[in-house]
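Shown here: upload.cif, mmCIF, N, CA and C atoms.
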```
data_model
#
loop_
_atom_site.label_atom_id
_atom_site.label_comp_id
_atom_site.auth_asym_id
_atom_site.auth_seq_id
_atom_site.Cartn_x
_atom_site.Cartn_y
_atom_site.Cartn_z
N MET A 789 0.85 -1.17 0.00
CA MET A 789 0.00 0.00 0.00
C MET A 789 0.90 1.25 0.00
N ALA A 790 0.57 2.20 -0.82
CA ALA A 790 1.34 3.44 -0.89
C ALA A 790 1.17 4.24 0.40
N LYS A 791 2.21 4.96 0.75
CA LYS A 791 2.16 5.76 1.98
C LYS A 791 0.98 6.73 1.96
N ARG A 792 0.72 7.30 0.80
CA ARG A 792 -0.37 8.27 0.66
C ARG A 792 -1.72 7.67 1.04
N GLU A 793 -1.87 6.38 0.79
CA GLU A 793 -3.14 5.70 1.07
C GLU A 793 -3.14 5.01 2.43
N ASN A 794 -1.99 4.94 3.08
CA ASN A 794 -1.85 4.22 4.34
C ASN A 794 -2.29 5.12 5.50
N PRO A 795 -3.31 4.71 6.26
CA PRO A 795 -3.79 5.54 7.37
C PRO A 795 -2.78 5.68 8.52
N ASP A 796 -1.74 4.85 8.53
CA ASP A 796 -0.72 4.95 9.57
C ASP A 796 0.28 6.07 9.29
N TYR A 797 0.20 6.69 8.12
CA TYR A 797 1.11 7.76 7.74
C TYR A 797 0.38 9.09 7.72
N THR A 798 1.13 10.16 7.96
CA THR A 798 0.58 11.50 7.87
C THR A 798 1.52 12.35 7.02
N GLN A 799 0.96 13.32 6.33
CA GLN A 799 1.78 14.21 5.51
C GLN A 799 2.24 15.38 6.37
N THR A 800 3.53 15.70 6.26
CA THR A 800 4.12 16.80 7.01
C THR A 800 4.97 17.63 6.07
N THR A 801 4.88 18.93 6.21
CA THR A 801 5.68 19.83 5.39
C THR A 801 6.62 20.61 6.30
N PHE A 802 7.86 20.73 5.89
CA PHE A 802 8.82 21.52 6.64
C PHE A 802 9.78 22.16 5.66
N ARG A 803 10.49 23.16 6.10
CA ARG A 803 11.43 23.88 5.25
C ARG A 803 12.85 23.60 5.69
N ILE A 804 13.71 23.36 4.70
CA ILE A 804 15.14 23.17 4.96
C ILE A 804 15.91 24.01 3.95
N PRO A 805 17.15 24.35 4.26
CA PRO A 805 17.95 25.14 3.31
C PRO A 805 18.16 24.36 2.01
N LYS A 806 18.24 25.10 0.90
CA LYS A 806 18.43 24.49 -0.41
C LYS A 806 19.68 23.62 -0.45
N LYS A 807 20.75 24.09 0.17
CA LYS A 807 22.00 23.32 0.16
C LYS A 807 21.79 21.96 0.82
N LEU A 808 21.10 21.94 1.95
CA LEU A 808 20.83 20.68 2.64
C LEU A 808 19.96 19.78 1.78
N SER A 809 18.99 20.35 1.10
CA SER A 809 18.12 19.57 0.22
C SER A 809 18.93 18.89 -0.89
N ARG A 810 19.86 19.62 -1.48
CA ARG A 810 20.73 19.04 -2.51
C ARG A 810 21.62 17.95 -1.93
N GLN A 811 22.11 18.17 -0.72
CA GLN A 811 22.96 17.16 -0.08
C GLN A 811 22.16 15.88 0.19
N ILE A 812 20.93 16.03 0.61
CA ILE A 812 20.07 14.87 0.84
C ILE A 812 19.84 14.12 -0.46
N ASN A 813 19.58 14.86 -1.53
CA ASN A 813 19.37 14.22 -2.84
C ASN A 813 20.61 13.43 -3.26
N ARG A 814 21.80 13.99 -3.02
CA ARG A 814 23.04 13.28 -3.37
C ARG A 814 23.18 11.99 -2.56
N VAL A 815 22.87 12.07 -1.27
CA VAL A 815 22.96 10.88 -0.41
C VAL A 815 21.97 9.82 -0.90
N LEU A 816 20.76 10.23 -1.25
CA LEU A 816 19.77 9.27 -1.74
C LEU A 816 20.22 8.64 -3.05
N MET A 817 20.86 9.42 -3.92
CA MET A 817 21.40 8.86 -5.17
C MET A 817 22.54 7.89 -4.89
N ASP A 818 23.41 8.24 -3.93
CA ASP A 818 24.50 7.33 -3.54
C ASP A 818 23.94 6.02 -3.00
N LEU A 819 22.91 6.11 -2.18
CA LEU A 819 22.27 4.92 -1.65
C LEU A 819 21.68 4.08 -2.78
N ALA A 820 21.00 4.74 -3.71
CA ALA A 820 20.39 4.02 -4.84
C ALA A 820 21.47 3.34 -5.68
N ASP A 821 22.59 4.03 -5.89
CA ASP A 821 23.69 3.44 -6.64
C ASP A 821 24.24 2.20 -5.94
N SER A 822 24.07 2.14 -4.63
CA SER A 822 24.54 0.99 -3.85
C SER A 822 23.45 -0.05 -3.65
N GLY A 823 22.30 0.16 -4.30
CA GLY A 823 21.22 -0.82 -4.23
C GLY A 823 20.22 -0.59 -3.11
N VAL A 824 20.33 0.54 -2.42
CA VAL A 824 19.40 0.86 -1.33
C VAL A 824 18.43 1.92 -1.83
N GLU A 825 17.20 1.50 -2.09
CA GLU A 825 16.18 2.42 -2.59
C GLU A 825 15.37 2.97 -1.43
N MET A 826 15.40 4.27 -1.27
CA MET A 826 14.56 4.93 -0.27
C MET A 826 14.28 6.34 -0.73
N ASP A 827 13.21 6.92 -0.22
CA ASP A 827 12.89 8.30 -0.54
C ASP A 827 13.16 9.17 0.69
N ARG A 828 12.88 10.45 0.55
CA ARG A 828 13.16 11.39 1.64
C ARG A 828 12.43 11.00 2.92
N SER A 829 11.19 10.58 2.79
CA SER A 829 10.44 10.24 4.01
C SER A 829 11.01 8.99 4.67
N ASP A 830 11.49 8.03 3.87
CA ASP A 830 12.14 6.85 4.45
C ASP A 830 13.40 7.25 5.21
N LEU A 831 14.20 8.13 4.59
CA LEU A 831 15.44 8.58 5.23
C LEU A 831 15.13 9.33 6.52
N LEU A 832 14.17 10.23 6.47
CA LEU A 832 13.80 10.97 7.68
C LEU A 832 13.29 10.02 8.76
N GLY A 833 12.53 9.02 8.36
CA GLY A 833 12.04 8.04 9.34
C GLY A 833 13.17 7.30 10.01
N GLU A 834 14.17 6.89 9.22
CA GLU A 834 15.34 6.21 9.79
C GLU A 834 16.10 7.12 10.74
N LEU A 835 16.34 8.35 10.32
CA LEU A 835 17.10 9.29 11.16
C LEU A 835 16.33 9.65 12.43
N ALA A 836 15.04 9.92 12.29
CA ALA A 836 14.23 10.27 13.46
C ALA A 836 14.13 9.08 14.41
N GLY A 837 13.98 7.89 13.86
CA GLY A 837 13.92 6.70 14.71
C GLY A 837 15.20 6.51 15.50
N ALA A 838 16.33 6.73 14.84
CA ALA A 838 17.62 6.61 15.54
C ALA A 838 17.72 7.66 16.65
N PHE A 839 17.26 8.87 16.38
CA PHE A 839 17.29 9.92 17.39
C PHE A 839 16.39 9.55 18.57
N ILE A 840 15.20 9.05 18.29
CA ILE A 840 14.27 8.66 19.35
C ILE A 840 14.87 7.55 20.21
N ARG A 841 15.48 6.55 19.56
CA ARG A 841 16.12 5.46 20.33
C ARG A 841 17.24 6.00 21.21
N LEU A 842 18.09 6.86 20.63
CA LEU A 842 19.19 7.44 21.40
C LEU A 842 18.65 8.29 22.55
N SER A 843 17.63 9.08 22.29
CA SER A 843 17.09 9.95 23.34
C SER A 843 16.47 9.14 24.48
N SER A 844 15.95 7.97 24.16
CA SER A 844 15.40 7.14 25.24
C SER A 844 16.50 6.56 26.12
N GLU A 845 17.72 6.48 25.58
CA GLU A 845 18.85 5.98 26.35
C GLU A 845 19.55 7.08 27.15
N VAL A 846 19.74 8.24 26.52
CA VAL A 846 20.55 9.29 27.15
C VAL A 846 19.78 10.57 27.42
N GLY A 847 18.53 10.65 27.01
CA GLY A 847 17.74 11.86 27.16
C GLY A 847 17.81 12.69 25.88
N ALA A 848 16.77 13.47 25.64
CA ALA A 848 16.65 14.22 24.39
C ALA A 848 17.75 15.27 24.23
N VAL A 849 18.07 15.99 25.30
CA VAL A 849 19.09 17.04 25.20
C VAL A 849 20.46 16.44 24.87
N GLU A 850 20.83 15.38 25.56
CA GLU A 850 22.11 14.73 25.31
C GLU A 850 22.14 14.11 23.92
N ALA A 851 21.04 13.53 23.48
CA ALA A 851 20.99 12.95 22.13
C ALA A 851 21.20 14.02 21.08
N LEU A 852 20.57 15.16 21.26
CA LEU A 852 20.74 16.26 20.32
C LEU A 852 22.19 16.75 20.31
N GLU A 853 22.79 16.87 21.48
CA GLU A 853 24.19 17.29 21.56
C GLU A 853 25.11 16.29 20.86
N GLN A 854 24.84 15.01 21.06
CA GLN A 854 25.66 13.99 20.40
C GLN A 854 25.55 14.10 18.88
N LEU A 855 24.36 14.33 18.38
CA LEU A 855 24.18 14.48 16.94
C LEU A 855 24.88 15.74 16.42
N LYS A 856 24.76 16.82 17.17
CA LYS A 856 25.45 18.06 16.77
C LYS A 856 26.96 17.84 16.75
N ASN A 857 27.48 17.15 17.74
CA ASN A 857 28.92 16.87 17.79
C ASN A 857 29.35 15.95 16.66
N LEU A 858 28.51 15.00 16.30
CA LEU A 858 28.81 14.11 15.18
C LEU A 858 28.97 14.93 13.91
N GLY A 859 28.06 15.88 13.68
CA GLY A 859 28.17 16.74 12.52
C GLY A 859 29.43 17.57 12.54
N THR A 860 29.83 18.04 13.71
CA THR A 860 31.05 18.84 13.84
C THR A 860 32.26 17.99 13.55
N GLN A 861 32.27 16.76 14.06
CA GLN A 861 33.40 15.87 13.82
C GLN A 861 33.53 15.53 12.34
N MET A 862 32.40 15.41 11.65
CA MET A 862 32.44 15.07 10.23
C MET A 862 32.93 16.25 9.39
N ASP A 863 32.71 17.48 9.88
CA ASP A 863 33.16 18.66 9.15
C ASP A 863 34.66 18.86 9.25
N GLU A 864 35.27 18.29 10.29
CA GLU A 864 36.71 18.50 10.52
C GLU A 864 37.56 17.70 9.59
#
```
Would you give me this structure, written as structure tokens?
Amino acid sequence: MAKRENPDYTQTTFRIPKKLSRQINRVLMDLADSGVEMDRSDLLGELAGAFIRLSSEVGAVEALEQLKNLGTQMDE
């Protein structure tokens, strides 16, 4: 069943910077090239799920800090 028709799903709209949107598209293309087919909502679901699991272990504030630090470490 398509997500649009699935009552367990809801449509959400949010705004992100254009640069981030292009980066997400590149990551999705890289995944597809490696045989992993997913769309933006699948990727967001995976990332949000990981954040929720981490926050249940260390708390939401600490989970957010860990993710921010991960991004900083990757930029270095």
Pull out every residue that the PyMOL selection byres (((chain A and resi 826-839 and name CA) around 10) and name CA) matches in the shown coordinates and put them as a PyMOL selection string. chain A and resi 791+799-800+809+812-813+815-817+819-820+823-825+840-845+847-848+851-852+854-855
Between CA of Pro805 in chain A and CA of Val849 in chain A, distance in Å (one decimal):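 Atom-to-atom, CA of Pro805 in chain A and CA of Val849 in chain A are spaced 23.4 Å apart.
Between CA of Leu858 in chain A and atom N of Ser822 in chain A the interatomic distance comes to 23.6 Å.
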